[in-house]
file final-v5.txt (compact mmCIF, C-alpha atoms and all ligand atoms)
# COMPACT_ATOMS: atom_id res chain seq x y z
CA MET A 14 4.79 9.32 25.05
CA HIS A 15 6.59 11.32 22.37
CA ALA A 16 10.35 11.69 22.67
CA SER A 17 11.35 15.32 23.11
CA THR A 18 13.33 15.87 19.89
CA ASP A 19 13.57 14.23 16.47
CA GLN A 20 17.03 12.87 17.38
CA ASP A 21 15.63 11.35 20.59
CA ALA A 22 12.68 9.90 18.72
CA THR A 23 14.88 8.43 16.00
CA ALA A 24 17.29 7.00 18.58
CA ARG A 25 14.40 5.44 20.52
CA ALA A 26 12.93 4.04 17.32
CA ARG A 27 16.30 2.60 16.27
CA GLN A 28 16.70 0.95 19.63
CA CYS A 29 13.18 -0.58 19.45
CA VAL A 30 13.72 -1.87 15.90
CA GLY A 31 17.15 -3.30 16.82
CA ALA A 32 15.80 -5.17 19.85
CA ALA A 33 12.45 -6.34 18.43
CA ARG A 34 11.68 -10.05 18.26
CA SER A 35 8.82 -9.43 15.78
CA ILE A 36 8.41 -6.38 13.51
CA THR A 37 5.35 -5.66 11.38
CA VAL A 38 5.37 -2.77 8.92
CA LEU A 39 2.39 -1.15 7.14
CA THR A 40 3.22 1.10 4.20
CA GLY A 41 1.12 3.47 2.14
CA ALA A 42 1.63 5.69 -0.88
CA GLY A 43 3.98 7.98 1.06
CA ILE A 44 6.87 5.51 0.88
CA SER A 45 6.70 5.61 -2.94
CA ALA A 46 6.42 9.41 -3.14
CA GLU A 47 10.23 9.72 -3.20
CA SER A 48 10.29 7.32 -6.16
CA GLY A 49 8.23 9.86 -8.07
CA ILE A 50 4.82 8.19 -7.76
CA PRO A 51 2.18 10.74 -6.69
CA THR A 52 0.49 9.71 -3.45
CA PHE A 53 -3.04 8.46 -3.83
CA ARG A 54 -4.57 11.76 -2.80
CA ASP A 55 -2.16 13.70 -5.08
CA ALA A 56 -2.72 11.21 -7.93
CA MET A 57 -5.67 13.34 -8.99
CA THR A 58 -3.49 16.17 -10.30
CA GLY A 59 -3.52 17.19 -13.93
CA LEU A 60 -5.87 15.27 -16.22
CA TRP A 61 -7.56 13.55 -13.29
CA ALA A 62 -7.96 16.64 -11.15
CA LYS A 63 -11.74 16.59 -11.62
CA PHE A 64 -12.22 13.08 -10.18
CA ARG A 65 -11.94 11.72 -6.63
CA PRO A 66 -9.94 8.47 -6.37
CA GLU A 67 -12.90 6.85 -4.66
CA ASP A 68 -14.95 7.64 -7.81
CA LEU A 69 -12.52 5.92 -10.17
CA ALA A 70 -11.28 2.96 -8.11
CA THR A 71 -14.64 1.19 -7.84
CA PRO A 72 -16.43 -1.59 -9.78
CA GLU A 73 -19.34 0.81 -10.39
CA ALA A 74 -17.01 3.34 -12.04
CA PHE A 75 -15.63 0.56 -14.23
CA ARG A 76 -19.13 -0.63 -15.22
CA ARG A 77 -20.16 2.98 -15.92
CA ASN A 78 -17.09 3.98 -17.90
CA PRO A 79 -14.69 1.05 -18.48
CA ARG A 80 -12.60 2.99 -21.04
CA MET A 81 -11.88 5.88 -18.64
CA VAL A 82 -11.01 3.60 -15.72
CA TRP A 83 -8.86 1.33 -17.93
CA GLU A 84 -6.99 4.38 -19.29
CA TRP A 85 -6.42 5.82 -15.78
CA TYR A 86 -4.80 2.56 -14.73
CA ALA A 87 -2.87 2.20 -18.00
CA GLY A 88 -1.32 5.60 -17.32
CA ARG A 89 -0.48 4.66 -13.73
CA ARG A 90 0.96 1.30 -14.89
CA GLU A 91 3.25 3.10 -17.32
CA LYS A 92 4.35 5.49 -14.56
CA VAL A 93 5.12 2.59 -12.21
CA ALA A 94 7.09 0.74 -14.91
CA GLY A 95 9.47 3.71 -15.15
CA VAL A 96 10.33 4.21 -11.46
CA SER A 97 12.65 2.52 -8.97
CA PRO A 98 12.54 1.76 -5.27
CA ASN A 99 13.97 4.51 -3.06
CA ALA A 100 16.08 4.52 0.12
CA GLY A 101 12.94 3.92 2.18
CA HIS A 102 12.04 0.70 0.34
CA ARG A 103 15.66 -0.45 0.50
CA ALA A 104 15.89 0.27 4.23
CA LEU A 105 12.88 -1.96 4.92
CA ALA A 106 14.50 -4.75 2.88
CA ALA A 107 17.69 -4.30 4.95
CA ILE A 108 15.76 -4.44 8.25
CA GLU A 109 14.14 -7.69 7.06
CA VAL A 110 17.61 -9.20 6.43
CA ALA A 111 18.88 -8.01 9.83
CA CYS A 112 15.84 -9.57 11.51
CA ALA A 113 16.45 -12.89 9.75
CA MET A 114 20.09 -12.86 10.91
CA ARG A 115 19.07 -12.55 14.55
CA GLY A 116 16.09 -14.88 14.36
CA ALA A 117 13.49 -12.12 14.64
CA GLU A 118 10.27 -12.07 12.62
CA PHE A 119 9.60 -9.45 9.93
CA THR A 120 6.31 -8.93 8.07
CA LEU A 121 5.72 -6.18 5.50
CA VAL A 122 2.10 -5.30 4.73
CA THR A 123 1.52 -2.75 2.00
CA GLN A 124 -1.49 -0.84 0.69
CA ASN A 125 0.58 0.12 -2.35
CA VAL A 126 -0.04 -1.52 -5.70
CA ASP A 127 3.26 -0.45 -7.33
CA GLY A 128 5.36 -3.56 -6.57
CA LEU A 129 8.32 -1.46 -5.38
CA HIS A 130 8.83 -3.44 -2.15
CA HIS A 131 9.46 -6.62 -4.19
CA ALA A 132 11.72 -4.62 -6.52
CA ALA A 133 13.74 -3.45 -3.48
CA GLY A 134 14.27 -7.06 -2.38
CA SER A 135 11.68 -7.37 0.39
CA ARG A 136 10.59 -11.02 0.71
CA ASN A 137 7.74 -11.37 3.18
CA VAL A 138 5.38 -8.86 1.53
CA HIS A 139 1.58 -8.90 1.75
CA GLU A 140 -0.15 -6.71 -0.87
CA LEU A 141 -3.51 -5.92 0.71
CA HIS A 142 -4.80 -4.03 -2.32
CA GLY A 143 -3.34 -6.08 -5.17
CA ASN A 144 -0.78 -5.04 -7.75
CA ILE A 145 -1.30 -2.61 -10.64
CA ARG A 146 1.21 -4.51 -12.79
CA ARG A 147 -1.17 -7.52 -12.85
CA VAL A 148 -4.30 -7.57 -15.07
CA LYS A 149 -7.31 -9.92 -14.88
CA CYS A 150 -10.76 -10.07 -16.45
CA PHE A 151 -13.69 -8.37 -14.76
CA GLU A 152 -16.18 -11.24 -14.73
CA ARG A 153 -14.08 -14.30 -13.86
CA GLY A 154 -10.69 -13.03 -12.70
CA HIS A 155 -8.79 -14.85 -15.48
CA PRO A 156 -5.21 -13.47 -15.42
CA ALA A 157 -3.98 -11.75 -18.59
CA SER A 158 -0.29 -11.11 -19.21
CA THR A 159 -0.63 -9.66 -22.73
CA TRP A 160 -3.46 -8.11 -24.76
CA PRO A 161 -3.75 -6.53 -28.23
CA ALA A 162 -3.12 -2.77 -28.48
CA GLY A 163 -5.85 -0.51 -29.85
CA GLU A 164 -9.60 -1.19 -29.84
CA PRO A 165 -11.52 -2.48 -28.05
CA VAL A 166 -10.60 -0.49 -24.93
CA PRO A 167 -10.58 -2.09 -22.38
CA PRO A 168 -9.25 -5.22 -24.14
CA ARG A 169 -11.28 -8.41 -23.75
CA CYS A 170 -10.33 -11.62 -21.90
CA ALA A 171 -8.96 -14.27 -24.29
CA GLU A 172 -10.70 -16.97 -22.24
CA CYS A 173 -14.17 -15.57 -21.58
CA GLY A 174 -14.44 -12.30 -23.50
CA SER A 175 -15.16 -10.12 -20.46
CA PRO A 176 -13.34 -6.76 -20.20
CA LEU A 177 -9.88 -6.72 -18.63
CA ARG A 178 -9.23 -4.70 -15.45
CA PRO A 179 -6.28 -4.07 -13.14
CA ASP A 180 -5.75 -6.76 -10.48
CA VAL A 181 -6.19 -4.28 -7.62
CA VAL A 182 -8.78 -4.13 -4.83
CA TRP A 183 -11.31 -1.38 -5.55
CA PHE A 184 -13.37 0.45 -2.91
CA GLY A 185 -16.29 -1.76 -1.96
CA GLU A 186 -14.36 -4.92 -2.92
CA MET A 187 -13.14 -7.52 -0.43
CA LEU A 188 -9.43 -7.75 0.25
CA PRO A 189 -7.62 -11.00 -0.61
CA GLU A 190 -8.59 -13.28 2.31
CA GLY A 191 -5.18 -14.78 2.99
CA GLU A 192 -3.32 -11.49 2.84
CA LEU A 193 -5.69 -9.82 5.28
CA GLU A 194 -5.48 -12.73 7.70
CA HIS A 195 -1.67 -12.62 7.57
CA ALA A 196 -1.76 -8.86 8.20
CA PHE A 197 -4.06 -9.08 11.23
CA ALA A 198 -2.06 -11.95 12.72
CA ALA A 199 1.21 -10.04 12.20
CA ALA A 200 -0.26 -6.92 13.82
CA ARG A 201 -1.42 -8.91 16.86
CA ARG A 202 1.90 -10.80 17.16
CA CYS A 203 4.49 -8.06 16.75
CA ASP A 204 6.25 -6.11 19.51
CA VAL A 205 7.18 -3.27 17.14
CA PHE A 206 4.78 -1.92 14.47
CA LEU A 207 5.98 0.64 11.91
CA SER A 208 3.31 2.67 10.08
CA VAL A 209 5.03 4.37 7.13
CA GLY A 210 3.62 6.87 4.63
CA THR A 211 -0.07 6.26 5.10
CA SER A 212 -2.85 8.74 5.84
CA GLY A 213 -4.67 5.96 7.69
CA LEU A 214 -8.02 6.72 6.05
CA VAL A 215 -8.76 3.45 4.28
CA GLU A 216 -10.14 0.40 6.08
CA PRO A 217 -9.44 -2.31 7.00
CA ALA A 218 -5.70 -1.46 6.61
CA ALA A 219 -5.99 1.56 8.92
CA SER A 220 -7.02 -0.65 11.83
CA LEU A 221 -3.74 -2.62 11.80
CA PRO A 222 -1.62 -0.18 13.86
CA LEU A 223 -4.43 0.16 16.40
CA LEU A 224 -4.62 -3.61 16.72
CA ALA A 225 -0.87 -3.70 17.35
CA LEU A 226 -1.26 -1.01 20.02
CA GLU A 227 -4.05 -3.00 21.69
CA HIS A 228 -1.70 -6.00 21.83
CA GLY A 229 1.03 -4.01 23.57
CA ALA A 230 3.30 -3.26 20.61
CA VAL A 231 5.42 -0.13 20.31
CA VAL A 232 3.88 1.74 17.34
CA ILE A 233 6.22 4.00 15.39
CA GLU A 234 4.74 6.37 12.79
CA VAL A 235 6.87 7.71 9.93
CA ASN A 236 5.03 10.52 8.14
CA PRO A 237 5.89 14.22 7.58
CA ASP A 238 2.23 15.08 8.21
CA PRO A 239 -0.09 14.25 11.13
CA THR A 240 -2.66 11.47 10.66
CA PRO A 241 -5.42 9.96 12.83
CA LEU A 242 -2.72 7.63 14.23
CA THR A 243 -0.29 10.38 15.30
CA GLY A 244 -1.97 11.00 18.66
CA ARG A 245 -1.92 7.28 19.49
CA ALA A 246 1.55 6.28 18.22
CA THR A 247 4.25 5.52 20.78
CA ILE A 248 6.93 7.28 18.72
CA VAL A 249 6.28 9.80 15.91
CA LEU A 250 9.01 10.45 13.32
CA ALA A 251 7.62 13.43 11.42
CA ALA A 252 9.89 13.10 8.40
CA ALA A 253 10.15 11.50 4.98
CA ALA A 254 10.52 7.72 4.86
CA GLY A 255 13.56 7.98 2.58
CA ALA A 256 15.32 10.11 5.20
CA VAL A 257 14.32 8.26 8.36
CA LEU A 258 14.13 4.56 7.52
CA PRO A 259 17.84 4.24 6.58
CA ARG A 260 18.63 5.56 10.09
CA LEU A 261 16.54 2.81 11.63
CA ALA A 262 18.20 0.20 9.40
CA ALA A 263 21.79 1.24 10.07
C1 LIG A 301 -13.65 -3.32 2.08
C2 LIG A 301 -6.10 0.03 -4.83
C3 LIG A 301 -15.31 -4.84 2.73
C4 LIG A 301 -6.75 0.72 -6.00
C5 LIG A 301 -7.07 1.10 -2.86
C6 LIG A 301 -18.85 2.63 2.39
C7 LIG A 301 -19.12 1.73 1.38
C8 LIG A 301 -18.21 0.74 1.01
C9 LIG A 301 -17.00 0.64 1.68
C10 LIG A 301 -16.76 1.55 2.69
C11 LIG A 301 -17.64 2.53 3.06
N1 LIG A 301 -17.09 3.26 4.07
C12 LIG A 301 -15.88 2.77 4.34
C13 LIG A 301 -15.67 1.72 3.54
C14 LIG A 301 -14.52 0.88 3.51
C15 LIG A 301 -13.64 1.39 2.38
C16 LIG A 301 -12.92 2.63 2.87
O1 LIG A 301 -12.06 2.52 3.73
N2 LIG A 301 -13.27 3.80 2.31
C17 LIG A 301 -12.62 5.02 2.74
C18 LIG A 301 -12.49 5.98 1.54
C19 LIG A 301 -13.42 5.63 3.87
N3 LIG A 301 -12.72 0.30 2.15
C20 LIG A 301 -12.99 -0.59 1.19
O2 LIG A 301 -13.90 -0.49 0.40
C21 LIG A 301 -12.06 -1.77 1.19
N4 LIG A 301 -12.84 -2.96 1.07
O3 LIG A 301 -13.80 -2.68 3.08
O4 LIG A 301 -14.32 -4.51 1.82
C22 LIG A 301 -16.55 -4.12 2.28
C23 LIG A 301 -17.11 -4.48 1.06
C24 LIG A 301 -18.30 -3.85 0.67
C25 LIG A 301 -18.88 -2.85 1.47
C26 LIG A 301 -18.25 -2.47 2.69
C27 LIG A 301 -17.09 -3.10 3.09
C28 LIG A 301 -11.14 -1.71 -0.02
C29 LIG A 301 -10.16 -0.56 0.16
C30 LIG A 301 -9.07 -0.67 -0.91
C31 LIG A 301 -9.25 0.41 -1.95
N5 LIG A 301 -8.13 0.34 -2.91
N6 LIG A 301 -6.03 0.95 -3.69
C32 LIG A 301 -5.88 1.81 -6.56
O5 LIG A 301 -4.76 2.03 -6.09
O6 LIG A 301 -6.35 2.45 -7.53
S1 LIG A 301 -7.00 2.25 -1.66
C33 LIG A 301 -5.75 3.32 -1.99
O7 LIG A 301 -6.02 4.47 -1.22
C34 LIG A 301 -4.39 2.86 -1.49
O8 LIG A 301 -4.19 1.49 -1.70
C35 LIG A 301 -4.38 3.22 -0.05
O9 LIG A 301 -4.97 2.24 0.74
C36 LIG A 301 -5.29 4.43 -0.04
C37 LIG A 301 -4.46 5.69 -0.02
O10 LIG A 301 -3.99 5.77 1.24
P1 LIG A 301 -2.44 6.02 1.49
O11 LIG A 301 -1.64 4.90 0.95
O12 LIG A 301 -2.31 6.32 2.93
O13 LIG A 301 -2.06 7.27 0.59
P2 LIG A 301 -2.50 8.80 0.84
O14 LIG A 301 -2.18 9.54 -0.42
O15 LIG A 301 -3.88 8.87 1.41
O16 LIG A 301 -1.51 9.28 2.01
C38 LIG A 301 -0.13 9.31 1.79
C39 LIG A 301 0.51 9.64 3.11
O17 LIG A 301 1.91 9.63 2.93
C40 LIG A 301 0.12 11.00 3.64
O18 LIG A 301 -0.19 10.91 5.01
C41 LIG A 301 1.40 11.83 3.44
O19 LIG A 301 1.57 12.77 4.48
C42 LIG A 301 2.45 10.78 3.54
N7 LIG A 301 3.71 11.06 2.83
C43 LIG A 301 3.89 11.84 1.73
N8 LIG A 301 5.20 11.83 1.38
C44 LIG A 301 5.84 11.00 2.27
C45 LIG A 301 4.89 10.53 3.19
N9 LIG A 301 5.20 9.69 4.20
C46 LIG A 301 6.50 9.32 4.32
N10 LIG A 301 7.48 9.74 3.48
C47 LIG A 301 7.18 10.57 2.45
N11 LIG A 301 8.16 10.99 1.63
call {"tool": "encode", "arguments": {"input": "final-v5.txt", "output": "structure tokens"}}
result
Amino acid sequence: MHASTDQDATARARQCVGAARSITVLTGAGISAESGIPTFRDAMTGLWAKFRPEDLATPEAFRRNPRMVWEWYAGRREKVAGVSPNAGHRALAAIEVACAMRGAEFTLVTQNVDGLHHAAGSRNVHELHGNIRRVKCFERGHPASTWPAGEPVPPRCAECGSPLRPDVVWFGEMLPEGELEHAFAAARRCDVFLSVGTSGLVEPAASLPLLALEHGAVVIEVNPDPTPLTGRATIVLAAAAGAVLPRLAA
């Protein structure tokens, strides 16, 4: 059932969040939009307008053109280094603290690779798709914290010589086992599930809110635009995360 007006919906959502014994949150690129990071679909503006994300964020794309993929991520890494968490990220960190103070559970699952939830102070964060600030080698996954500038591009692993790549999950790659298990368990266990700033198109993350619904949770969607979840959500807050989440945290 959808509350009749935005005020009603926000009031209902606030009440659910305030009374929850277990909250699970799934975030997508939309929560970082107000920090100035283009959402994943928008990320293809400008120089990258001619590519689809799914054609760049894959191991095949990297094998085919490692320089182009490395440079796309280098540009995104630079962008991420220069931005800060916004009111939406901070509100989720505040809700986590409020939950801890009243003995309620709080789990934050993110599809984002920008690290802004950690930067905002969130503690129990599960990064389903890795983190763009981390780099590893393609063949063996050896972590790399520094690499020489200039050629070769991509740089090579100091341990095994294979090309370096971002430590993110590409399309067609498995998600980190532990993180996915935590996310599914948290979706099954919670009594309130918040889906924030995600178009709900990428699996298996997109199945988390539906799993919560199946287990009787109240599912609250925060997104200015409709998504495949909108028709199923218990409460729909059709607004920006930076505007709405602080009202749920207050
Ligand atoms: C997997 C990291 C098992 C990289 C990402 C065929 C072959 C192979 C696989 C598949 C296949 N068919 C389906 C699949 C599964 C595939 C998939 O789902 N494909 C899609 C395209 C159909 N998934 C996978 O491959 C996953 N792995 O399944 O492994 C397997 C293995 C082999 C074969 C089969 C299965 C791996 C998926 C992870 C991919 N990596 N990111 C990188 O970042 O470069 S995905 C990336 O895109 C993001 O992480 C995120 O998940 C997704 C983008 O989604 P959103 O975050 O929702 O962002 P988007 O821009 O779409 O939407 C933003 C929303 O915010 C909008 O709704 C907008 O309205 C809203 N918004 C805007 N402003 C605001 C706002 N909301 C609130 N406030 C605002 N201010």
call {"tool": "closest_residue", "arguments": {"input": "final-v5.txt", "among": "A:Ala42, A:Val205, A:Cys173, A:Ile248", "to": "ligand LIG 301 (chain A)", "atoms": "only C-alpha atoms and all ligand atoms"}}
result
A:Ala42
call {"tool": "residues_near_ligand", "arguments": {"input": "final-v5.txt", "ligand": "ligand LIG 301 (chain A)", "cutoff": "6 Å", "atoms": "all atoms listed in the file", "output": "NGL selection string"}}
result
:A and (41-44 or 46-47 or 52-54 or 70 or 124-126 or 142 or 181-188 or 209-217 or 235-238 or 253-254)
call {"tool": "residues_around", "arguments": {"input": "final-v5.txt", "residues": "Asn78 in chain A", "least_positions_apart": "6", "cutoff": "12 Å", "atoms": "all atoms listed in the file", "output": "VMD selection string"}}
result
chain A and resid 68 to 72 84 to 85 166 to 167 176 178
call {"tool": "atom_distance", "arguments": {"input": "final-v5.txt", "atom1": "CA of Ser48 in chain A", "atom2": "CA of Ser35 in chain A"}}
result
27.6 Å
call {"tool": "residues_around", "arguments": {"input": "final-v5.txt", "residues": "range 103-105 of chain A", "least_positions_apart": "2", "cutoff": "10 Å", "atoms": "all atoms listed in the file", "output": "count of residues only"}}
result
29
call {"tool": "closest_residue", "arguments": {"input": "final-v5.txt", "among": "A:Asp180, A:Ala200, A:Leu207, A:Thr240", "to": "Leu224 in chain A", "atoms": "only C-alpha atoms"}}
result
A:Ala200
call {"tool": "residues_around", "arguments": {"input": "final-v5.txt", "residues": "Ala246 in chain A", "least_positions_apart": "2", "cutoff": "7 Å", "atoms": "only C-alpha atoms", "output": "list of chain:residue names"}}
result
A:Val232, A:Ile233, A:Glu234, A:Leu242, A:Thr243, A:Gly244, A:Ile248, A:Val249
call {"tool": "closest_residue", "arguments": {"input": "final-v5.txt", "among": "A:Gly95, A:Pro239, A:Gly174, A:Pro179", "to": "Phe75 in chain A", "atoms": "all atoms listed in the file"}}
result
A:Pro179
call {"tool": "residues_around", "arguments": {"input": "final-v5.txt", "residues": "Ile50 in chain A", "least_positions_apart": "6", "cutoff": "9 Å", "atoms": "only C-alpha atoms", "output": "number ranges by chain"}}
result
A: 42-43, 56, 89, 92-93, 96, 127
call {"tool": "write_last_selection", "arguments": {"input": "final-v5.txt", "atoms": "C-alpha atoms", "output": "mmCIF file, keeping the file's coordinate frame"}}
result
data_model
loop_
_atom_site.group_PDB
_atom_site.id
_atom_site.type_symbol
_atom_site.label_atom_id
_atom_site.label_comp_id
_atom_site.auth_asym_id
_atom_site.auth_seq_id
_atom_site.Cartn_x
_atom_site.Cartn_y
_atom_site.Cartn_z
ATOM 1 C CA ALA A 42 1.630 5.690 -0.880
ATOM 2 C CA GLY A 43 3.980 7.980 1.060
ATOM 3 C CA ALA A 56 -2.720 11.210 -7.930
ATOM 4 C CA ARG A 89 -0.480 4.660 -13.730
ATOM 5 C CA LYS A 92 4.350 5.490 -14.560
ATOM 6 C CA VAL A 93 5.120 2.590 -12.210
ATOM 7 C CA VAL A 96 10.330 4.210 -11.460
ATOM 8 C CA ASP A 127 3.260 -0.450 -7.330
#
call {"tool": "closest_residue", "arguments": {"input": "final-v5.txt", "among": "A:Ala252, A:Leu226, A:Ala219, A:Ala117", "to": "Ile36 in chain A", "atoms": "all atoms listed in the file"}}
result
A:Ala117
call {"tool": "decode", "arguments": {"input": "final-v5.txt", "residues": "range 138-196 of chain A", "atoms": "C-alpha atoms", "output": "PDB file, in the first residue's frame"}}
result
ATOM      1  CA  VAL A 138      29.195  -2.078   5.225  1.00  0.00           C
ATOM      2  CA  HIS A 139      29.224  -4.886   2.660  1.00  0.00           C
ATOM      3  CA  GLU A 140      30.615  -3.864  -0.749  1.00  0.00           C
ATOM      4  CA  LEU A 141      29.038  -6.360  -3.139  1.00  0.00           C
ATOM      5  CA  HIS A 142      30.910  -5.050  -6.171  1.00  0.00           C
ATOM      6  CA  GLY A 143      34.302  -4.226  -4.671  1.00  0.00           C
ATOM      7  CA  ASN A 144      35.963  -0.842  -4.328  1.00  0.00           C
ATOM      8  CA  ILE A 145      37.425   1.287  -7.140  1.00  0.00           C
ATOM      9  CA  ARG A 146      40.068   2.703  -4.786  1.00  0.00           C
ATOM     10  CA  ARG A 147      41.646  -0.777  -4.512  1.00  0.00           C
ATOM     11  CA  VAL A 148      43.800  -2.246  -7.327  1.00  0.00           C
ATOM     12  CA  LYS A 149      44.885  -5.881  -7.842  1.00  0.00           C
ATOM     13  CA  CYS A 150      46.528  -7.874 -10.625  1.00  0.00           C
ATOM     14  CA  PHE A 151      44.406  -9.545 -13.269  1.00  0.00           C
ATOM     15  CA  GLU A 152      45.848 -13.058 -13.134  1.00  0.00           C
ATOM     16  CA  ARG A 153      46.377 -13.715  -9.422  1.00  0.00           C
ATOM     17  CA  GLY A 154      44.580 -10.939  -7.533  1.00  0.00           C
ATOM     18  CA  HIS A 155      47.783  -9.683  -5.857  1.00  0.00           C
ATOM     19  CA  PRO A 156      46.893  -6.326  -4.230  1.00  0.00           C
ATOM     20  CA  ALA A 157      48.833  -3.270  -5.436  1.00  0.00           C
ATOM     21  CA  SER A 158      48.883  -0.027  -3.460  1.00  0.00           C
ATOM     22  CA  THR A 159      51.344   1.857  -5.692  1.00  0.00           C
ATOM     23  CA  TRP A 160      52.573   1.501  -9.282  1.00  0.00           C
ATOM     24  CA  PRO A 161      54.925   3.487 -11.545  1.00  0.00           C
ATOM     25  CA  ALA A 162      53.369   6.297 -13.627  1.00  0.00           C
ATOM     26  CA  GLY A 163      53.683   6.195 -17.417  1.00  0.00           C
ATOM     27  CA  GLU A 164      54.187   3.110 -19.585  1.00  0.00           C
ATOM     28  CA  PRO A 165      53.312   0.319 -19.557  1.00  0.00           C
ATOM     29  CA  VAL A 166      49.576   1.057 -19.275  1.00  0.00           C
ATOM     30  CA  PRO A 167      48.059  -0.808 -17.461  1.00  0.00           C
ATOM     31  CA  PRO A 168      50.997  -1.112 -15.017  1.00  0.00           C
ATOM     32  CA  ARG A 169      52.247  -4.618 -14.242  1.00  0.00           C
ATOM     33  CA  CYS A 170      52.045  -6.535 -10.948  1.00  0.00           C
ATOM     34  CA  ALA A 171      55.315  -6.293  -8.974  1.00  0.00           C
ATOM     35  CA  GLU A 172      54.843  -9.900  -7.826  1.00  0.00           C
ATOM     36  CA  CYS A 173      53.801 -11.773 -10.960  1.00  0.00           C
ATOM     37  CA  GLY A 174      53.999  -9.309 -13.851  1.00  0.00           C
ATOM     38  CA  SER A 175      50.333  -9.598 -14.863  1.00  0.00           C
ATOM     39  CA  PRO A 176      48.454  -6.376 -15.702  1.00  0.00           C
ATOM     40  CA  LEU A 177      46.854  -4.443 -12.841  1.00  0.00           C
ATOM     41  CA  ARG A 178      43.074  -3.903 -12.751  1.00  0.00           C
ATOM     42  CA  PRO A 179      40.583  -2.253 -10.413  1.00  0.00           C
ATOM     43  CA  ASP A 180      39.441  -4.448  -7.493  1.00  0.00           C
ATOM     44  CA  VAL A 181      35.790  -4.289  -8.565  1.00  0.00           C
ATOM     45  CA  VAL A 182      33.391  -7.054  -9.644  1.00  0.00           C
ATOM     46  CA  TRP A 183      32.885  -6.943 -13.408  1.00  0.00           C
ATOM     47  CA  PHE A 184      29.817  -8.261 -15.253  1.00  0.00           C
ATOM     48  CA  GLY A 185      30.156 -12.014 -15.567  1.00  0.00           C
ATOM     49  CA  GLU A 186      32.371 -12.198 -12.452  1.00  0.00           C
ATOM     50  CA  MET A 187      31.311 -13.782  -9.163  1.00  0.00           C
ATOM     51  CA  LEU A 188      30.613 -11.519  -6.219  1.00  0.00           C
ATOM     52  CA  PRO A 189      32.777 -11.871  -3.097  1.00  0.00           C
ATOM     53  CA  GLU A 190      31.310 -14.979  -1.425  1.00  0.00           C
ATOM     54  CA  GLY A 191      31.220 -13.700   2.137  1.00  0.00           C
ATOM     55  CA  GLU A 192      29.726 -10.330   1.250  1.00  0.00           C
ATOM     56  CA  LEU A 193      26.922 -11.893  -0.765  1.00  0.00           C
ATOM     57  CA  GLU A 194      26.119 -14.370   2.003  1.00  0.00           C
ATOM     58  CA  HIS A 195      25.973 -11.534   4.549  1.00  0.00           C
ATOM     59  CA  ALA A 196      23.683  -9.567   2.232  1.00  0.00           C
TER      60      ALA A 196
END
